[in-house]
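Here is structure17.cif, consisting of mmCIF, C-alpha atoms and all ligand atoms:
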data_start
#
loop_
_atom_site.label_atom_id
_atom_site.label_comp_id
_atom_site.auth_asym_id
_atom_site.auth_seq_id
_atom_site.Cartn_x
_atom_site.Cartn_y
_atom_site.Cartn_z
CA MET A 1 0.07 28.68 -0.81
CA ALA A 2 -2.27 25.76 -1.32
CA HIS A 3 -0.69 22.35 -1.80
CA ALA A 4 -1.51 20.81 -5.21
CA ILE A 5 -2.79 17.24 -5.02
CA ALA A 6 -3.49 15.10 -8.10
CA VAL A 7 -6.52 12.94 -7.36
CA LEU A 8 -7.20 9.64 -9.12
CA PRO A 9 -10.64 8.32 -8.07
CA GLY A 10 -10.40 5.35 -10.44
CA ASP A 11 -13.10 2.68 -10.56
CA GLY A 12 -15.67 0.78 -8.50
CA ILE A 13 -15.85 2.18 -4.95
CA GLY A 14 -12.99 4.54 -5.85
CA PRO A 15 -15.10 7.69 -6.44
CA GLU A 16 -17.29 6.87 -3.39
CA ILE A 17 -14.33 6.85 -1.01
CA THR A 18 -12.48 9.70 -2.73
CA ALA A 19 -15.17 12.35 -2.20
CA PRO A 20 -15.26 11.96 1.62
CA THR A 21 -11.46 11.84 1.76
CA LEU A 22 -11.23 15.20 -0.02
CA GLU A 23 -13.75 16.62 2.48
CA ILE A 24 -11.58 15.43 5.34
CA LEU A 25 -8.41 16.86 3.78
CA GLY A 26 -10.24 20.14 3.24
CA GLU A 27 -10.79 20.33 7.03
CA LEU A 28 -7.09 19.84 7.70
CA GLY A 29 -5.29 22.20 5.37
CA ASP A 30 -5.18 24.33 2.28
CA PHE A 31 -5.17 22.02 -0.73
CA THR A 32 -6.18 22.20 -4.37
CA PHE A 33 -7.50 18.96 -5.81
CA THR A 34 -7.36 18.13 -9.51
CA GLU A 35 -9.07 14.91 -10.55
CA HIS A 36 -7.86 12.83 -13.49
CA PRO A 37 -9.37 9.77 -15.16
CA PHE A 38 -7.37 6.67 -14.32
CA GLY A 39 -7.67 2.92 -14.76
CA GLY A 40 -10.91 1.62 -16.25
CA ALA A 41 -12.40 5.13 -16.29
CA SER A 42 -9.51 6.24 -18.48
CA ILE A 43 -9.82 3.19 -20.75
CA ASP A 44 -13.46 4.14 -21.34
CA LEU A 45 -12.53 7.73 -22.21
CA HIS A 46 -9.17 7.34 -23.92
CA GLY A 47 -8.58 3.65 -24.64
CA THR A 48 -5.66 3.51 -22.22
CA ALA A 49 -5.48 3.22 -18.41
CA LEU A 50 -2.86 5.97 -18.06
CA THR A 51 -2.64 8.89 -20.47
CA ASP A 52 0.42 11.11 -20.90
CA GLU A 53 -1.69 13.99 -19.54
CA THR A 54 -2.45 12.14 -16.31
CA THR A 55 1.19 11.13 -15.90
CA ALA A 56 2.34 14.71 -16.48
CA ALA A 57 -0.27 16.10 -14.07
CA CYS A 58 0.83 13.67 -11.35
CA LYS A 59 4.50 14.56 -11.88
CA ALA A 60 3.67 18.26 -11.67
CA SER A 61 1.68 17.86 -8.43
CA GLU A 62 3.06 17.81 -4.90
CA SER A 63 1.36 14.52 -4.10
CA VAL A 64 -0.90 11.91 -5.66
CA LEU A 65 -3.98 10.49 -3.96
CA LEU A 66 -5.40 7.32 -5.51
CA ALA A 67 -8.48 5.28 -4.58
CA ALA A 68 -8.50 2.05 -6.61
CA VAL A 69 -8.76 0.74 -10.15
CA GLY A 70 -10.17 -2.31 -11.89
CA GLY A 71 -13.40 -4.21 -12.23
CA PRO A 72 -15.22 -6.90 -14.19
CA LYS A 73 -15.99 -4.52 -17.04
CA TRP A 74 -12.32 -4.45 -18.00
CA ASP A 75 -11.29 -7.97 -16.95
CA THR A 76 -9.74 -9.77 -19.85
CA THR A 77 -7.18 -12.50 -20.47
CA ASP A 78 -6.27 -11.00 -23.85
CA PRO A 79 -2.62 -9.87 -23.54
CA ASN A 80 -3.23 -7.12 -26.09
CA ALA A 81 -6.28 -5.52 -24.46
CA PRO A 82 -5.80 -2.55 -22.08
CA ARG A 83 -6.19 -3.29 -18.36
CA PRO A 84 -6.86 -0.78 -15.54
CA GLU A 85 -4.02 -2.25 -13.47
CA GLN A 86 -1.50 -1.30 -16.19
CA GLY A 87 -2.21 2.32 -15.31
CA LEU A 88 -1.32 1.76 -11.69
CA LEU A 89 1.89 -0.11 -12.48
CA GLY A 90 2.82 2.47 -15.13
CA LEU A 91 2.35 5.37 -12.75
CA ARG A 92 4.35 3.72 -9.94
CA LYS A 93 7.17 3.22 -12.43
CA GLU A 94 6.92 6.72 -13.95
CA LEU A 95 7.03 8.35 -10.51
CA GLY A 96 9.88 6.08 -9.36
CA LEU A 97 7.88 4.90 -6.31
CA PHE A 98 10.04 1.95 -5.35
CA SER A 99 9.15 1.80 -1.66
CA ASN A 100 5.61 0.92 -0.60
CA LEU A 101 4.91 1.27 3.11
CA ARG A 102 1.93 -0.67 4.44
CA PRO A 103 1.51 -0.24 8.21
CA VAL A 104 -0.61 -2.75 10.13
CA ARG A 105 -1.62 -1.63 13.61
CA PRO A 106 -4.91 -3.19 14.69
CA VAL A 107 -6.95 -0.91 16.94
CA PRO A 108 -8.33 -2.64 20.05
CA ALA A 109 -11.88 -1.54 19.14
CA LEU A 110 -11.66 -3.79 16.07
CA TYR A 111 -10.15 -6.89 17.64
CA ASP A 112 -13.52 -8.59 17.41
CA ALA A 113 -13.82 -7.76 13.69
CA SER A 114 -10.71 -9.82 12.97
CA ALA A 115 -10.81 -13.55 12.30
CA LEU A 116 -7.98 -13.90 14.81
CA LYS A 117 -8.13 -14.07 18.58
CA ARG A 118 -7.71 -10.93 20.65
CA GLU A 119 -4.66 -12.43 22.45
CA VAL A 120 -2.94 -13.04 19.11
CA LEU A 121 -3.60 -9.50 17.86
CA ASP A 122 -2.84 -7.57 21.03
CA GLY A 123 0.38 -5.57 20.60
CA THR A 124 0.64 -6.02 16.83
CA ASP A 125 2.36 -3.07 15.16
CA LEU A 126 4.15 -3.96 11.95
CA LEU A 127 5.10 -2.36 8.67
CA VAL A 128 5.39 -4.15 5.35
CA VAL A 129 8.00 -2.44 3.16
CA ARG A 130 7.17 -3.74 -0.29
CA GLU A 131 9.53 -3.22 -3.25
CA LEU A 132 7.19 -1.66 -5.81
CA THR A 133 8.86 -1.09 -9.18
CA GLY A 134 10.78 -4.29 -9.90
CA GLY A 135 10.51 -8.06 -9.91
CA ILE A 136 8.01 -10.20 -11.74
CA TYR A 137 5.54 -7.31 -12.08
CA PHE A 138 7.82 -5.52 -14.50
CA GLY A 139 9.86 -8.31 -16.15
CA GLU A 140 9.30 -9.38 -19.72
CA LYS A 141 6.03 -11.22 -20.37
CA THR A 142 5.51 -13.67 -23.19
CA ARG A 143 2.50 -15.54 -24.46
CA THR A 144 2.12 -17.93 -27.40
CA ALA A 145 -0.62 -20.42 -28.23
CA THR A 146 1.20 -23.04 -26.14
CA ASP A 147 3.04 -21.24 -23.37
CA ALA A 148 3.41 -18.11 -21.25
CA SER A 149 6.12 -16.63 -19.05
CA ASP A 150 6.75 -13.77 -16.60
CA LEU A 151 10.35 -12.87 -15.90
CA CYS A 152 11.36 -12.02 -12.33
CA HIS A 153 14.35 -9.68 -12.50
CA TYR A 154 16.07 -7.51 -9.88
CA THR A 155 19.22 -5.46 -10.10
CA VAL A 156 21.55 -5.17 -7.10
CA ALA A 157 20.84 -1.43 -7.02
CA GLU A 158 17.08 -2.03 -6.74
CA VAL A 159 17.61 -4.32 -3.75
CA GLU A 160 20.08 -1.92 -2.12
CA ARG A 161 17.69 1.01 -2.14
CA ILE A 162 14.71 -0.90 -0.75
CA ALA A 163 16.96 -2.44 1.92
CA ARG A 164 18.07 1.05 2.97
CA SER A 165 14.46 2.20 3.01
CA ALA A 166 13.56 -0.68 5.36
CA PHE A 167 16.54 -0.19 7.70
CA GLU A 168 15.99 3.57 7.89
CA THR A 169 12.34 2.99 8.77
CA ALA A 170 13.22 0.35 11.36
CA ARG A 171 15.53 2.82 13.12
CA LYS A 172 12.50 5.05 13.71
CA ARG A 173 10.50 2.09 15.03
CA ARG A 174 11.66 -0.94 17.05
CA ASN A 175 14.92 -1.58 15.16
CA LEU A 176 14.02 -5.03 13.80
CA VAL A 177 13.85 -6.06 10.13
CA HIS A 178 12.61 -9.37 8.78
CA SER A 179 13.85 -9.79 5.22
CA VAL A 180 11.44 -12.11 3.46
CA ASP A 181 12.48 -14.12 0.41
CA LYS A 182 12.41 -17.54 -1.22
CA ALA A 183 16.18 -18.03 -1.22
CA ASN A 184 15.79 -21.81 -1.09
CA VAL A 185 14.39 -21.72 -4.64
CA MET A 186 14.79 -18.41 -6.45
CA GLU A 187 17.99 -16.82 -7.76
CA THR A 188 16.52 -13.33 -7.34
CA SER A 189 15.96 -14.21 -3.67
CA ARG A 190 19.52 -15.42 -3.18
CA GLN A 191 20.76 -12.14 -4.62
CA TRP A 192 18.23 -10.30 -2.41
CA ARG A 193 19.53 -12.03 0.73
CA GLU A 194 23.18 -11.32 -0.09
CA VAL A 195 22.53 -7.67 -0.83
CA VAL A 196 20.35 -7.10 2.23
CA HIS A 197 23.04 -8.64 4.45
CA ARG A 198 25.83 -6.58 2.87
CA ILE A 199 23.90 -3.30 3.31
CA HIS A 200 23.11 -4.34 6.87
CA ALA A 201 26.73 -5.12 7.73
CA GLU A 202 28.11 -1.99 6.06
CA GLU A 203 25.54 0.61 7.11
CA TYR A 204 22.95 -0.67 9.61
CA SER A 205 24.55 -3.17 11.97
CA ASP A 206 22.68 -1.47 14.86
CA VAL A 207 19.40 -2.82 13.43
CA GLU A 208 18.51 -6.45 14.08
CA LEU A 209 18.10 -8.42 10.83
CA ARG A 210 16.38 -11.80 10.48
CA ASP A 211 15.80 -13.82 7.31
CA GLN A 212 12.44 -15.48 6.81
CA LEU A 213 11.19 -17.60 3.94
CA VAL A 214 7.97 -16.22 2.49
CA ASP A 215 5.85 -19.33 2.99
CA SER A 216 6.59 -19.59 6.70
CA CYS A 217 6.28 -15.81 6.98
CA ALA A 218 2.67 -16.09 5.81
CA MET A 219 2.05 -18.58 8.62
CA GLU A 220 3.92 -16.54 11.26
CA LEU A 221 1.95 -13.40 10.35
CA ILE A 222 -1.24 -15.17 11.34
CA ALA A 223 0.19 -17.18 14.24
CA ARG A 224 2.42 -14.62 16.00
CA PRO A 225 2.07 -11.17 14.38
CA THR A 226 3.55 -9.32 17.37
CA GLN A 227 7.05 -10.68 16.60
CA PHE A 228 7.29 -8.42 13.53
CA ASP A 229 8.39 -4.80 13.28
CA VAL A 230 9.49 -4.14 9.67
CA ILE A 231 9.03 -6.78 6.97
CA VAL A 232 10.94 -6.00 3.78
CA THR A 233 10.21 -8.04 0.70
CA GLU A 234 9.99 -8.09 -3.08
CA ASN A 235 7.03 -6.84 -5.06
CA LEU A 236 4.90 -9.99 -5.45
CA PHE A 237 5.53 -11.36 -1.95
CA GLY A 238 4.71 -7.95 -0.48
CA ASP A 239 1.44 -7.79 -2.39
CA ILE A 240 0.28 -11.13 -1.03
CA LEU A 241 1.58 -10.78 2.53
CA SER A 242 0.05 -7.34 2.97
CA ASP A 243 -3.48 -8.50 2.11
CA ALA A 244 -3.06 -11.34 4.61
CA ALA A 245 -1.77 -8.86 7.20
CA ALA A 246 -4.77 -6.62 6.51
CA MET A 247 -7.00 -9.13 8.26
CA LEU A 248 -5.09 -8.48 11.47
CA SER A 249 -6.74 -5.07 11.49
CA GLY A 250 -10.18 -6.55 10.86
CA SER A 251 -10.67 -5.70 7.19
CA LEU A 252 -8.88 -4.90 3.97
CA GLY A 253 -10.93 -1.70 4.19
CA MET A 254 -8.68 -0.51 7.03
CA LEU A 255 -5.21 -0.70 5.49
CA PRO A 256 -3.50 2.42 4.07
CA SER A 257 -0.29 2.71 2.10
CA ALA A 258 2.34 5.21 1.06
CA SER A 259 4.44 4.76 -2.07
CA ILE A 260 7.58 6.82 -2.02
CA GLY A 261 10.74 7.21 -4.07
CA ASP A 262 12.97 10.21 -4.60
CA PRO A 263 11.95 12.64 -1.82
CA SER A 264 11.91 15.53 -4.29
CA GLN A 265 9.18 13.79 -6.31
CA PRO A 266 5.51 13.41 -5.35
CA GLY A 267 4.58 10.30 -3.41
CA MET A 268 1.42 8.34 -4.06
CA PHE A 269 -1.01 7.42 -1.31
CA GLU A 270 -3.63 4.73 -1.72
CA PRO A 271 -5.54 2.15 0.27
CA VAL A 272 -4.21 -1.40 -0.02
CA HIS A 273 -7.62 -2.72 -1.09
CA GLY A 274 -9.03 -2.71 -4.62
CA SER A 275 -12.13 -1.32 -6.28
CA ALA A 276 -14.46 -3.77 -4.47
CA PRO A 277 -16.79 -4.21 -7.46
CA ASP A 278 -19.07 -6.44 -5.36
CA ILE A 279 -20.21 -3.45 -3.25
CA ALA A 280 -19.62 -0.54 -5.66
CA GLY A 281 -22.39 2.01 -6.14
CA GLN A 282 -24.15 1.24 -2.85
CA GLY A 283 -22.58 3.91 -0.66
CA ILE A 284 -21.45 1.31 1.88
CA ALA A 285 -17.70 1.13 1.25
CA ASN A 286 -15.39 1.66 4.19
CA PRO A 287 -13.49 4.91 3.51
CA LEU A 288 -11.13 4.54 6.49
CA ALA A 289 -8.20 2.98 4.58
CA MET A 290 -8.31 5.98 2.27
CA PHE A 291 -8.60 8.44 5.18
CA LEU A 292 -5.56 6.78 6.74
CA SER A 293 -3.73 6.93 3.38
CA ALA A 294 -4.49 10.67 3.34
CA ALA A 295 -2.98 10.86 6.83
CA MET A 296 0.18 9.22 5.47
CA MET A 297 0.20 11.84 2.70
CA LEU A 298 -0.02 14.66 5.24
CA ARG A 299 2.91 13.17 7.12
CA TYR A 300 5.23 12.07 4.29
CA ASP A 301 4.64 14.60 1.52
CA PHE A 302 3.65 17.71 3.49
CA GLY A 303 5.33 17.22 6.87
CA LEU A 304 1.96 17.93 8.53
CA GLU A 305 2.57 15.57 11.45
CA ALA A 306 0.02 17.13 13.83
CA GLU A 307 -2.72 17.00 11.18
CA ALA A 308 -1.84 13.40 10.28
CA THR A 309 -2.02 12.36 13.92
CA ALA A 310 -5.30 14.26 14.38
CA LEU A 311 -6.85 12.34 11.49
CA GLU A 312 -5.57 8.98 12.75
CA SER A 313 -6.89 9.76 16.22
CA ALA A 314 -10.26 10.78 14.77
CA VAL A 315 -10.47 7.43 12.96
CA ASP A 316 -9.52 5.54 16.15
CA GLY A 317 -12.02 7.59 18.12
CA ALA A 318 -14.86 6.92 15.70
CA LEU A 319 -14.12 3.19 15.81
CA GLY A 320 -13.89 3.32 19.58
CA ASP A 321 -17.36 4.87 19.66
CA GLY A 322 -18.72 2.00 17.59
CA LEU A 323 -18.44 3.07 13.94
CA ARG A 324 -18.68 -0.13 11.87
CA THR A 325 -19.12 -0.32 8.10
CA GLY A 326 -20.32 -3.59 6.55
CA ASP A 327 -16.83 -5.06 6.13
CA LEU A 328 -16.38 -4.62 9.92
CA GLY A 329 -19.64 -6.37 10.70
CA GLY A 330 -21.79 -3.25 11.05
CA LYS A 331 -24.31 -1.25 9.08
CA ALA A 332 -22.73 2.20 8.81
CA THR A 333 -22.66 3.81 5.38
CA THR A 334 -19.74 5.65 3.82
CA ALA A 335 -21.49 8.96 4.60
CA GLU A 336 -21.92 7.96 8.25
CA ALA A 337 -18.24 7.03 8.44
CA LEU A 338 -17.33 10.46 7.07
CA ALA A 339 -19.60 12.21 9.57
CA ALA A 340 -18.21 10.19 12.50
CA VAL A 341 -14.60 11.00 11.63
CA ARG A 342 -15.21 14.61 10.65
CA SER A 343 -17.03 15.41 13.88
CA ARG A 344 -13.94 14.27 15.80
CA LEU A 345 -11.64 16.56 13.84
CA LYS A 346 -13.30 19.68 15.15
P1 LIG B 1 -10.73 -5.89 -3.48
O1 LIG B 1 -9.72 -5.41 -2.51
O2 LIG B 1 -11.31 -4.92 -4.40
O3 LIG B 1 -11.93 -6.58 -2.68
C1 LIG B 1 -11.75 -7.75 -1.86
C2 LIG B 1 -12.93 -7.85 -0.87
O4 LIG B 1 -12.76 -6.85 0.13
C3 LIG B 1 -14.30 -7.61 -1.51
O5 LIG B 1 -15.24 -8.43 -0.91
C4 LIG B 1 -14.58 -6.14 -1.18
O6 LIG B 1 -15.95 -5.82 -1.11
C5 LIG B 1 -13.89 -5.99 0.16
N1 LIG B 1 -13.40 -4.62 0.31
C6 LIG B 1 -12.25 -4.08 -0.22
N2 LIG B 1 -12.15 -2.80 0.10
C7 LIG B 1 -13.24 -2.50 0.84
C8 LIG B 1 -13.70 -1.30 1.47
N3 LIG B 1 -13.02 -0.14 1.40
N4 LIG B 1 -14.87 -1.34 2.15
C9 LIG B 1 -15.56 -2.48 2.25
N5 LIG B 1 -15.18 -3.65 1.68
C10 LIG B 1 -14.03 -3.64 0.99
O7 LIG B 1 -10.04 -7.10 -4.27
P2 LIG B 1 -10.56 -7.94 -5.54
O8 LIG B 1 -12.01 -8.13 -5.46
O9 LIG B 1 -9.66 -9.09 -5.60
O10 LIG B 1 -10.23 -7.00 -6.77
C11 LIG B 1 -11.19 -6.16 -7.41
C12 LIG B 1 -10.50 -5.28 -8.43
O11 LIG B 1 -9.65 -4.35 -7.73
C13 LIG B 1 -9.58 -6.01 -9.40
O12 LIG B 1 -9.79 -5.46 -10.68
C14 LIG B 1 -8.18 -5.73 -8.89
O13 LIG B 1 -7.21 -5.75 -9.91
C15 LIG B 1 -8.35 -4.35 -8.34
N6 LIG B 1 -7.37 -3.96 -7.32
C16 LIG B 1 -6.94 -2.67 -7.38
C17 LIG B 1 -6.09 -2.19 -6.42
C18 LIG B 1 -5.63 -0.78 -6.51
O14 LIG B 1 -6.14 -0.02 -7.31
N7 LIG B 1 -4.66 -0.36 -5.69
C19 LIG B 1 -5.70 -3.02 -5.37
C20 LIG B 1 -6.17 -4.33 -5.32
C21 LIG B 1 -7.03 -4.79 -6.30
C1 LIG B 2 -2.07 -3.51 -4.84
C2 LIG B 2 -2.81 -4.11 -6.00
C3 LIG B 2 -2.03 -3.94 -7.28
C4 LIG B 2 -0.73 -4.71 -7.12
C5 LIG B 2 -2.74 -4.39 -8.57
C6 LIG B 2 -4.11 -3.79 -8.70
C7 LIG B 2 -1.91 -4.09 -9.77
O1 LIG B 2 -3.14 -5.43 -5.74
O2 LIG B 2 -1.78 -2.30 -4.89
O3 LIG B 2 -1.77 -4.22 -3.89
O4 LIG B 2 -0.70 -5.94 -7.34
O5 LIG B 2 0.28 -4.09 -6.80
MN MN B 3 -2.66 -6.07 -3.72
#
I need this file expressed as structure tokens, please.
Amino acid sequence: MAHAIAVLPGDGIGPEITAPTLEILGELGDFTFTEHPFGGASIDLHGTALTDETTAACKASESVLLAAVGGPKWDTTDPNAPRPEQGLLGLRKELGLFSNLRPVRPVPALYDASALKREVLDGTDLLVVRELTGGIYFGEKTRTATDASDLCHYTVAEVERIARSAFETARKRRNLVHSVDKANVMETSRQWREVVHRIHAEEYSDVELRDQLVDSCAMELIARPTQFDVIVTENLFGDILSDAAAMLSGSLGMLPSASIGDPSQPGMFEPVHGSAPDIAGQGIANPLAMFLSAAMMLRYDFGLEAEATALESAVDGALGDGLRTGDLGGKATTAEALAAVRSRLK
């Protein structure tokens, strides 16, 4: 029977990179796609970024594929106005997607597209495991005429489950976890460090664990990225570090992600980048991060390992043969990127 995928094209370049991704998926398996308005597109239609119908449809699907949301049309500093990003945060929470996996593995063909030197990049293969449903993103927010606050809150249980997620993943990789925090300043980080070490000692002492403060981690990611295997960190730090890490692979347009929670529930798969309003509507967006997110979907939600690997190899092959969209310093269009990858799937 066909696998049911809920598709959220969202805003900006979202629809432009979604259409080719569905074509690619159609080559690789039997899927039914149902599109739902999300983010700014949903605000325009329904006055809210995430409707109950969209939430229910995502919960009822086997997997959720998302492009990106947001854009200048909906940018506002009014705390009472709807924002596209609320839809994304709401859906992550509703689906219980506490673990966000963001792999960074620069392909040699793109070394010259990165701002970093080839010798620094060579051998980089890391995974950011970002806690996705807690911390300052979801704590209480206040705003008066004279002040504003965002509460950063974590429960021990939230830290335990993301720690396990990171250690489990490390066991399938190179068995090394960097736990990144700001334990020299933040109470949530001191709790984080204690909990990560307890889970490590009790359940994962075979995995090597190192603590790293987030500020120096940002520097080390750029200076010596090959030292990292798995980086586990809280929501906000993971957001920032993963965009920095994206440049190791040449462009934000290359980085995929998988958001997973309870294995019996659908995961959500989305590129790390946003809606790129500066290039939207021109047909020049790089669809590869979304193709690679679809590959993660094939692997994590459908167990289609061979198909996932075929898609990743097709992307690598197309890049190896010179495919370069604008963000990678070339002139290829989104349609040309689709054609280059699709021809290698056959
Ligand atoms: P962005 O990631 O949208 O863009 C940053 C830069 O990278 C831009 O110059 C853009 O053109 C380029 N870029 C990003 N993806 C690209 C691609 N696939 N191909 C070619 N170039 C690409 O970040 P931003 O400009 O800071 O944010 C724009 C909007 O996106 C905001 O509203 C933000 O909230 C939203 N956003 C959404 C998501 C998401 O839906 N998951 C993620 C990040 C940002
Ligand atoms: C991301 C994005 C989102 C985040 C925004 C759009 C809410 O930047 O997925 O990285 O901060 O989590
Ligand atoms: Mn981000």
Pull the closest atom pair for each residue of chain A that gets at most 7 Å from ligand MN 3 (chain B), along with the distance in Å to one decimal, counting all atoms listed in the file, ordering rows by chain and then ascending residue number, as JSON lines.
{"residue": "A:Asp239", "atom": "CA", "partner": "B:MN3", "partner_atom": "MN", "distance": 4.6}
{"residue": "A:Ile240", "atom": "CA", "partner": "B:MN3", "partner_atom": "MN", "distance": 6.4}
{"residue": "A:Asp243", "atom": "CA", "partner": "B:MN3", "partner_atom": "MN", "distance": 6.4}
{"residue": "A:Val272", "atom": "CA", "partner": "B:MN3", "partner_atom": "MN", "distance": 6.2}
{"residue": "A:His273", "atom": "CA", "partner": "B:MN3", "partner_atom": "MN", "distance": 6.5}
Find the nearest atom pair between each residue of chain A and ligand LIG 2 (chain B) for residues within 10 Å, count all atoms listed in the file, give distances in Å to one decimal, sort rows by chain and ascending number, and present the table as JSON lines.
{"residue": "A:Gly39", "atom": "CA", "partner": "B:LIG2", "partner_atom": "C6", "distance": 9.7}
{"residue": "A:Ala68", "atom": "CA", "partner": "B:LIG2", "partner_atom": "C6", "distance": 7.6}
{"residue": "A:Val69", "atom": "CA", "partner": "B:LIG2", "partner_atom": "C6", "distance": 6.7}
{"residue": "A:Gly70", "atom": "CA", "partner": "B:LIG2", "partner_atom": "C6", "distance": 7.0}
{"residue": "A:Gly71", "atom": "CA", "partner": "B:LIG2", "partner_atom": "C6", "distance": 9.9}
{"residue": "A:Arg83", "atom": "CA", "partner": "B:LIG2", "partner_atom": "C7", "distance": 9.6}
{"residue": "A:Pro84", "atom": "CA", "partner": "B:LIG2", "partner_atom": "C6", "distance": 8.0}
{"residue": "A:Glu85", "atom": "CA", "partner": "B:LIG2", "partner_atom": "C7", "distance": 4.6}
{"residue": "A:Gln86", "atom": "CA", "partner": "B:LIG2", "partner_atom": "C7", "distance": 7.0}
{"residue": "A:Gly87", "atom": "CA", "partner": "B:LIG2", "partner_atom": "C7", "distance": 8.5}
{"residue": "A:Leu88", "atom": "CA", "partner": "B:LIG2", "partner_atom": "C7", "distance": 6.2}
{"residue": "A:Leu89", "atom": "CA", "partner": "B:LIG2", "partner_atom": "C7", "distance": 6.1}
{"residue": "A:Gly90", "atom": "CA", "partner": "B:LIG2", "partner_atom": "C7", "distance": 9.7}
{"residue": "A:Arg92", "atom": "CA", "partner": "B:LIG2", "partner_atom": "O5", "distance": 9.3}
{"residue": "A:Asn100", "atom": "CA", "partner": "B:LIG2", "partner_atom": "O2", "distance": 9.1}
{"residue": "A:Arg102", "atom": "CA", "partner": "B:LIG2", "partner_atom": "O3", "distance": 9.8}
{"residue": "A:Arg130", "atom": "CA", "partner": "B:LIG2", "partner_atom": "O5", "distance": 9.5}
{"residue": "A:Glu131", "atom": "CA", "partner": "B:LIG2", "partner_atom": "O5", "distance": 9.9}
{"residue": "A:Leu132", "atom": "CA", "partner": "B:LIG2", "partner_atom": "O5", "distance": 7.4}
{"residue": "A:Thr133", "atom": "CA", "partner": "B:LIG2", "partner_atom": "O5", "distance": 9.4}
{"residue": "A:Tyr137", "atom": "CA", "partner": "B:LIG2", "partner_atom": "O4", "distance": 8.0}
{"residue": "A:Asn235", "atom": "CA", "partner": "B:LIG2", "partner_atom": "O5", "distance": 7.5}
{"residue": "A:Leu236", "atom": "CA", "partner": "B:LIG2", "partner_atom": "O4", "distance": 7.2}
{"residue": "A:Phe237", "atom": "CA", "partner": "B:LIG2", "partner_atom": "O4", "distance": 9.9}
{"residue": "A:Gly238", "atom": "CA", "partner": "B:LIG2", "partner_atom": "O3", "distance": 8.2}
{"residue": "A:Asp239", "atom": "CA", "partner": "B:LIG2", "partner_atom": "O3", "distance": 5.0}
{"residue": "A:Ile240", "atom": "CA", "partner": "B:LIG2", "partner_atom": "O3", "distance": 7.8}
{"residue": "A:Leu241", "atom": "CA", "partner": "B:LIG2", "partner_atom": "O3", "distance": 9.8}
{"residue": "A:Ser242", "atom": "CA", "partner": "B:LIG2", "partner_atom": "O3", "distance": 7.8}
{"residue": "A:Asp243", "atom": "CA", "partner": "B:LIG2", "partner_atom": "O3", "distance": 7.6}
{"residue": "A:Ser257", "atom": "CA", "partner": "B:LIG2", "partner_atom": "O2", "distance": 8.7}
{"residue": "A:Ser259", "atom": "CA", "partner": "B:LIG2", "partner_atom": "O2", "distance": 9.8}
{"residue": "A:Glu270", "atom": "CA", "partner": "B:LIG2", "partner_atom": "O2", "distance": 7.9}
{"residue": "A:Pro271", "atom": "CA", "partner": "B:LIG2", "partner_atom": "O2", "distance": 7.8}
{"residue": "A:Val272", "atom": "CA", "partner": "B:LIG2", "partner_atom": "O3", "distance": 5.4}
{"residue": "A:His273", "atom": "CA", "partner": "B:LIG2", "partner_atom": "O3", "distance": 6.7}
{"residue": "A:Gly274", "atom": "CA", "partner": "B:LIG2", "partner_atom": "C6", "distance": 6.5}
{"residue": "A:Ser275", "atom": "CA", "partner": "B:LIG2", "partner_atom": "C6", "distance": 8.7}
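The protein and nucleic acid residues lying at most 10 Å from Ala41 (chain A) are A:Leu8, A:Pro9, A:Gly10, A:Asp11, A:Gly12, A:His36, A:Pro37, A:Phe38, A:Gly39, A:Ile43, A:Asp44, A:Leu45, A:His46, A:Gly47, A:Thr48, A:Ala49, A:Leu50, A:Val69, A:Gly70, A:Trp74, A:Pro84, with all atoms listed in the file considered and sequence neighbours fewer than 2 positions away removed.
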Please give the centre and size of the box around ligand LIG 1 (chain B) (axis-aligned, containing every atom listed in the file, 4 Å added per side), with values in Å to one decimal and written as JSON.
{"center_x": -10.3, "center_y": -4.6, "center_z": -4.2, "size_x": 19.3, "size_y": 17.1, "size_z": 20.9}
So which one's closest to Val156 (chain A), A:Arg174, A:Arg198, A:Lys93, A:Arg224? Using only C-alpha atoms, please.
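Of A:Arg174, A:Arg198, A:Lys93, A:Arg224, the one nearest Val156 (chain A), counting only C-alpha atoms, is A:Arg198.
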Option closest in space to ligand LIG 1 (chain B), from A:Pro72, A:Gly250, A:Gly330, A:Pro256 [counting only C-alpha atoms and all ligand atoms]
A:Pro72
I want to know what sits within 8 Å of Arg171 (chain A), based on only C-alpha atoms, with residues of the same chain fewer than 4 positions away left out; could you give that as a list in words?
Phe167, Asn175 and Val207 of chain A
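When all atoms listed in the file are used to measure the gap to ligand LIG 1 (chain B), the shortest distance among A:Ala223, A:Ala308, A:Val120, A:Ile17 belongs to A:Ile17.
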For a quick check of understanding, using all atoms listed in the file, which of A:Val214, A:Ala115, A:Val104, A:Leu66 has the smallest distance to Ile13 (chain A)?
A:Leu66
